[in-house]
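Peer 1: What follows is coords21.cif, made up of mmCIF, C-alpha atoms:
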data_my_file
#
loop_
_atom_site.group_PDB
_atom_site.id
_atom_site.type_symbol
_atom_site.label_atom_id
_atom_site.label_comp_id
_atom_site.auth_asym_id
_atom_site.auth_seq_id
_atom_site.Cartn_x
_atom_site.Cartn_y
_atom_site.Cartn_z
ATOM 1 C CA MET A 26 74.577 68.138 128.560
ATOM 2 C CA GLY A 27 76.763 67.729 131.631
ATOM 3 C CA ILE A 28 77.440 71.420 132.211
ATOM 4 C CA ALA A 29 73.834 72.408 131.489
ATOM 5 C CA LEU A 30 72.359 69.660 133.668
ATOM 6 C CA CYS A 31 74.642 70.445 136.599
ATOM 7 C CA ASN A 32 73.928 74.189 136.366
ATOM 8 C CA LEU A 33 70.263 74.055 135.381
ATOM 9 C CA THR A 34 68.959 76.129 138.295
ATOM 10 C CA ARG A 35 71.367 78.924 137.353
ATOM 11 C CA MET A 36 69.921 78.877 133.839
ATOM 12 C CA GLU A 37 66.337 78.755 135.087
ATOM 13 C CA ARG A 38 66.904 81.697 137.444
ATOM 14 C CA GLY A 39 68.562 83.750 134.701
ATOM 15 C CA GLU A 40 71.846 84.013 136.613
ATOM 16 C CA THR A 41 75.063 85.146 134.995
ATOM 17 C CA TRP A 42 77.487 82.306 135.528
ATOM 18 C CA GLY A 43 80.833 81.320 134.105
ATOM 19 C CA GLN A 44 81.109 77.915 132.543
ATOM 20 C CA ASN A 45 84.818 77.557 133.295
ATOM 21 C CA GLU A 46 84.414 78.295 137.000
ATOM 22 C CA ASN A 47 81.352 76.022 137.275
ATOM 23 C CA LEU A 48 82.844 73.099 135.426
ATOM 24 C CA THR A 49 84.021 71.663 138.719
ATOM 25 C CA ASP A 50 85.872 68.402 139.232
ATOM 26 C CA ALA A 51 82.575 66.534 139.697
ATOM 27 C CA VAL A 52 81.102 68.029 136.515
ATOM 28 C CA GLY A 53 84.367 67.221 134.754
ATOM 29 C CA ARG A 54 84.081 63.592 135.819
ATOM 30 C CA LEU A 55 80.575 63.490 134.344
ATOM 31 C CA LEU A 56 81.860 64.975 131.064
ATOM 32 C CA GLU A 57 84.648 62.407 130.941
ATOM 33 C CA ALA A 58 82.223 59.551 131.643
ATOM 34 C CA LEU A 59 79.960 60.808 128.834
ATOM 35 C CA ASP A 60 83.042 61.021 126.636
ATOM 36 C CA ALA A 61 83.957 57.410 127.447
ATOM 37 C CA GLU A 62 80.538 56.339 126.161
ATOM 38 C CA ARG A 63 81.023 58.401 122.990
ATOM 39 C CA LEU A 64 84.477 56.884 122.426
ATOM 40 C CA ALA A 65 83.120 53.356 122.925
ATOM 41 C CA ILE A 66 80.411 53.982 120.320
ATOM 42 C CA ALA A 67 82.948 55.358 117.845
ATOM 43 C CA GLY A 68 85.210 52.362 118.446
ATOM 44 C CA LYS A 69 82.384 49.897 117.798
ATOM 45 C CA LEU A 70 81.744 51.709 114.513
ATOM 46 C CA GLY A 71 85.401 51.520 113.508
ATOM 47 C CA LEU A 72 86.048 55.217 114.045
ATOM 48 C CA GLN A 73 88.756 56.989 115.978
ATOM 49 C CA VAL A 74 87.778 60.386 117.399
ATOM 50 C CA ARG A 75 89.387 62.921 119.712
ATOM 51 C CA THR A 76 88.765 62.724 123.425
ATOM 52 C CA VAL A 77 87.229 65.620 125.318
ATOM 53 C CA ARG A 78 90.632 66.183 126.955
ATOM 54 C CA GLU A 79 92.282 66.390 123.532
ATOM 55 C CA HIS A 80 89.603 68.861 122.446
ATOM 56 C CA TYR A 81 90.298 71.122 125.428
ATOM 57 C CA HIS A 82 94.055 70.822 124.948
ATOM 58 C CA LEU A 83 93.973 71.616 121.229
ATOM 59 C CA SER A 84 91.198 74.228 121.302
ATOM 60 C CA PHE A 85 92.145 76.155 124.438
ATOM 61 C CA HIS A 86 95.906 75.440 124.679
ATOM 62 C CA VAL A 87 95.817 74.042 128.199
ATOM 63 C CA ALA A 88 97.918 71.197 129.559
ATOM 64 C CA MET A 89 96.328 67.748 129.380
ATOM 65 C CA GLY A 90 94.698 66.609 132.586
ATOM 66 C CA PRO A 91 91.282 66.066 134.100
ATOM 67 C CA ILE A 92 88.639 68.313 132.526
ATOM 68 C CA GLY A 93 87.931 70.039 135.844
ATOM 69 C CA GLU A 94 91.600 71.088 136.062
ATOM 70 C CA MET A 95 91.715 72.137 132.432
ATOM 71 C CA SER A 96 88.621 74.280 132.926
ATOM 72 C CA ARG A 97 90.068 75.815 136.115
ATOM 73 C CA THR A 98 93.147 76.821 134.125
ATOM 74 C CA LEU A 99 90.905 78.711 131.706
ATOM 75 C CA HIS A 100 89.115 80.414 134.601
ATOM 76 C CA VAL A 101 92.418 81.445 136.227
ATOM 77 C CA ARG A 102 93.533 82.879 132.877
ATOM 78 C CA GLY A 103 90.423 85.039 132.952
ATOM 79 C CA GLU A 104 88.907 83.389 129.905
ATOM 80 C CA ALA A 105 85.251 83.852 130.678
ATOM 81 C CA THR A 106 82.651 81.878 128.806
ATOM 82 C CA PHE A 107 79.245 82.571 130.225
ATOM 83 C CA GLY A 108 76.594 79.895 130.466
ATOM 84 C CA PRO A 109 73.021 80.212 129.241
ATOM 85 C CA THR A 110 70.685 82.436 131.251
ATOM 86 C CA SER A 111 67.495 80.694 130.205
ATOM 87 C CA LEU A 112 66.154 77.184 129.864
ATOM 88 C CA GLU A 113 65.484 78.038 126.224
ATOM 89 C CA THR A 114 69.058 77.441 125.174
ATOM 90 C CA ARG A 115 70.300 75.494 122.191
ATOM 91 C CA TYR A 116 72.642 73.656 124.568
ATOM 92 C CA VAL A 117 69.559 71.704 125.587
ATOM 93 C CA THR A 118 66.773 72.303 123.068
ATOM 94 C CA GLU A 119 69.003 71.442 120.085
ATOM 95 C CA ASP A 120 71.872 69.437 121.540
ATOM 96 C CA VAL A 121 69.679 66.917 123.339
ATOM 97 C CA PRO A 122 67.395 65.898 120.438
ATOM 98 C CA PHE A 123 69.982 66.268 117.680
ATOM 99 C CA GLY A 124 73.175 65.310 119.551
ATOM 100 C CA LEU A 125 72.414 63.058 122.497
ATOM 101 C CA VAL A 126 69.447 61.213 120.986
ATOM 102 C CA PRO A 127 71.388 60.106 117.866
ATOM 103 C CA SER A 128 74.415 59.219 120.013
ATOM 104 C CA ALA A 129 72.286 57.054 122.288
ATOM 105 C CA LEU A 130 70.700 55.383 119.264
ATOM 106 C CA LEU A 131 74.108 54.668 117.746
ATOM 107 C CA GLY A 132 75.197 53.203 121.085
ATOM 108 C CA ARG A 133 72.228 50.830 121.124
ATOM 109 C CA LEU A 134 72.762 49.811 117.495
ATOM 110 C CA ALA A 135 76.512 49.343 117.878
ATOM 111 C CA GLY A 136 76.288 47.338 121.095
ATOM 112 C CA ALA A 137 77.858 50.099 123.200
ATOM 113 C CA PRO A 138 74.995 51.243 125.433
ATOM 114 C CA ALA A 139 75.263 54.906 126.407
ATOM 115 C CA THR A 140 73.614 54.721 129.810
ATOM 116 C CA LEU A 141 74.544 58.256 130.844
ATOM 117 C CA HIS A 142 73.378 59.680 127.521
ATOM 118 C CA GLU A 143 70.073 57.815 127.866
ATOM 119 C CA SER A 144 69.697 58.982 131.472
ATOM 120 C CA GLY A 145 70.475 62.577 130.561
ATOM 121 C CA ILE A 146 67.844 62.545 127.826
ATOM 122 C CA ALA A 147 65.267 61.176 130.276
ATOM 123 C CA ILE A 148 66.200 63.590 133.079
ATOM 124 C CA LEU A 149 66.228 66.668 130.847
ATOM 125 C CA SER A 150 62.934 65.591 129.251
ATOM 126 C CA ALA A 151 61.414 65.381 132.739
ATOM 127 C CA LEU A 152 62.878 68.732 133.804
ATOM 128 C CA TYR A 153 61.597 70.455 130.655
ATOM 129 C CA GLY A 154 58.286 68.613 130.556
ATOM 130 C CA ARG A 155 58.806 67.545 126.951
ATOM 131 C CA ASP A 156 59.971 64.504 125.044
ATOM 132 C CA PHE A 157 63.339 65.415 123.548
ATOM 133 C CA ARG A 158 63.425 62.109 121.646
ATOM 134 C CA ALA A 159 60.269 63.111 119.784
ATOM 135 C CA ASP A 160 61.792 66.507 118.947
ATOM 136 C CA ASN A 161 64.245 64.829 116.572
ATOM 137 C CA ASP A 162 62.430 64.734 113.254
ATOM 138 C CA LEU A 163 65.506 63.717 111.247
ATOM 139 C CA LEU A 164 66.237 60.245 112.613
ATOM 140 C CA PRO A 165 63.038 58.615 111.271
ATOM 141 C CA ALA A 166 63.842 59.952 107.784
ATOM 142 C CA LEU A 167 67.370 58.493 107.908
ATOM 143 C CA GLY A 168 66.142 55.019 108.754
ATOM 144 C CA ILE A 169 69.207 53.988 110.694
ATOM 145 C CA GLU A 170 67.188 52.327 113.487
ATOM 146 C CA THR A 171 66.642 49.273 111.306
ATOM 147 C CA MET A 172 69.999 49.378 109.528
ATOM 148 C CA PRO A 173 72.273 46.351 109.902
ATOM 149 C CA LEU A 174 75.412 47.131 111.890
ATOM 150 C CA GLU A 175 77.745 46.594 108.934
ATOM 151 C CA ALA A 176 75.708 49.021 106.818
ATOM 152 C CA LEU A 177 75.900 51.516 109.674
ATOM 153 C CA ARG A 178 79.696 51.085 109.853
ATOM 154 C CA THR A 179 79.917 51.704 106.106
ATOM 155 C CA LEU A 180 77.746 54.786 106.443
ATOM 156 C CA CYS A 181 79.969 56.115 109.249
ATOM 157 C CA ARG A 182 83.103 55.455 107.210
ATOM 158 C CA ASP A 183 81.951 56.536 103.739
ATOM 159 C CA GLY A 184 78.948 58.785 104.374
ATOM 160 C CA TRP A 185 75.798 58.791 102.301
ATOM 161 C CA ARG A 186 77.787 58.929 99.031
ATOM 162 C CA GLY A 187 79.168 55.496 99.836
ATOM 163 C CA ARG A 188 75.572 54.244 99.715
ATOM 164 C CA GLY A 189 75.020 55.647 96.225
ATOM 165 C CA LEU A 190 73.065 58.639 97.571
ATOM 166 C CA ARG A 191 73.873 62.280 97.032
#
Let me see the structure of the file written as structure tokens.

Peer 2:
Amino acid sequence: MGIALCNLTRMERGETWGQNENLTDAVGRLLEALDAERLAIAGKLGLQVRTVREHYHLSFHVAMGPIGEMSRTLHVRGEATFGPTSLETRYVTEDVPFGLVPSALLGRLAGAPATLHESGIAILSALYGRDFRADNDLLPALGIETMPLEALRTLCRDGWRGRGLR
């Protein structure tokens, strides 16, 4: 969400733009703040997950550091990853309803509010003129909104099989 939101006009205008060169220090700070919310949610659910810095380090073989620096290293190497050239990109139309919306819900349920996630959903919904929360048709079927926190922790740890479901 952070890269797309901060480069939305490029997408809307159909520009060719490199993600590594446009993941600036400020965008990197946003990504790391979003990551802190994600890590807090995982912690409240008894899970340990990789940080965004660890992901960059392990996936792209760059030295650990701020995400802006890590991304600059990729750009200097000439590793071009181009960003979307249209607003109709899965980075928003799929990732917001099926990535950010569930993350924000888990944050509310776990007592680790994801303010930036919630704000991003609201801002992107306004920019697109659609309700990205309503686009997620899976969450109502899962029924986790009314699930007790301990049941949610068990589900996160053991999956649906742990609940006797296949």

Peer 1: Just need the box for stretch 153-166 of chain A, edges along x, y and z, holding every atom the file lists for it with 8 Å tacked onto each side, so centre and edge lengths in Å to one decimal, as JSON.

Peer 2:
{"center_x": 62.3, "center_y": 64.5, "center_z": 119.2, "size_x": 24.0, "size_y": 27.8, "size_z": 38.9}

Peer 1: Counting all atoms listed in the file, give me one row per residue of stretch 122-146 of chain A with an atom at most 8 Å from an atom of stretch 164-188 of chain A, showing the shortest contact pair and its distance in Å to one decimal, sorted by chain then residue number, as CSV.

Peer 2:
residue,atom,partner,partner_atom,distance
A:Pro127,CA,A:Leu164,CA,7.4
A:Leu130,CA,A:Glu170,CA,7.4
A:Leu134,CA,A:Leu174,CA,6.8
A:Ala135,CA,A:Leu174,CA,6.5

Peer 1: Could you tell me which residues the PyMOL selection byres ((chain A and resi 41) around 8) returns for this structure, as a ChimeraX atom specification?

Peer 2: /A:35,39-40,42-43,107-110

Peer 1: Show me the residues close to (87.6, 62.8, 122.8) - anything with an atom within 10 Å, counting only C-alpha atoms - and format the list as JSON, numbers by chain.

Peer 2: {"A": [57, 59, 60, 61, 63, 64, 73, 74, 75, 76, 77, 78, 79, 80, 81]}

Peer 1: Please determine, counting all atoms listed in the file, which residue among A:Pro138, A:Ser150, A:Phe157, A:Asp50 has the shortest atom-to-atom distance to A:Glu62.

Peer 2: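 When distances to A:Glu62 are compared using all atoms listed in the file, the smallest one comes from A:Pro138.
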
Peer 1: For A:Arg102, which of A:Thr140, A:Ser128, A:Thr114, A:Asn45 is the closest residue, counting only C-alpha atoms?

Peer 2: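 That would be A:Asn45, the residue with the smallest distance to A:Arg102.
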
Peer 1: Do a neighbour search on A:His82 at 12 Å with only C-alpha atoms, toss out local chain neighbours closer than 6 positions, and write the hits as a ChimeraX atom specification.

Peer 2: /A:75-76,88-92,94-96,98-99

Peer 1: Carefully work through the PyMOL selection byres ((chain A and resi 160) around 10) for this structure and note down the residues it includes, as a list in words.

Peer 2: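 Listing what the PyMOL selection byres ((chain A and resi 160) around 10) selects in the shown file: Thr118, Glu119, Val121, Pro122, Phe123, Val126, Arg155, Asp156, Phe157, Arg158, Ala159, Asn161, Asp162, Leu163 and Leu164 of chain A.
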
Peer 1: Using the chain letters and numbers from the file, which residues does the PyMOL selection byres ((chain A and resi 52) around 9) grab, as a ChimeraX atom specification?

Peer 2: /A:27-28,31,47-51,53-57,92-93

Peer 1: Please report the interatomic distance between atom CA of A:Leu33 and atom CA of A:Ala67 in Å with one decimal.

Peer 2: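 Value for the atom CA of A:Leu33-atom CA of A:Ala67 distance: 28.6 Å.
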
Peer 1: Report, in Å to a single decimal, how far apart atom CA of A:Gly132 and atom CA of A:Gly154 are.

Peer 2: 24.8 Å

Peer 1: In Å, how far is it from atom CA of A:Ala137 to atom CA of A:Ala65?

Peer 2: 6.2 Å
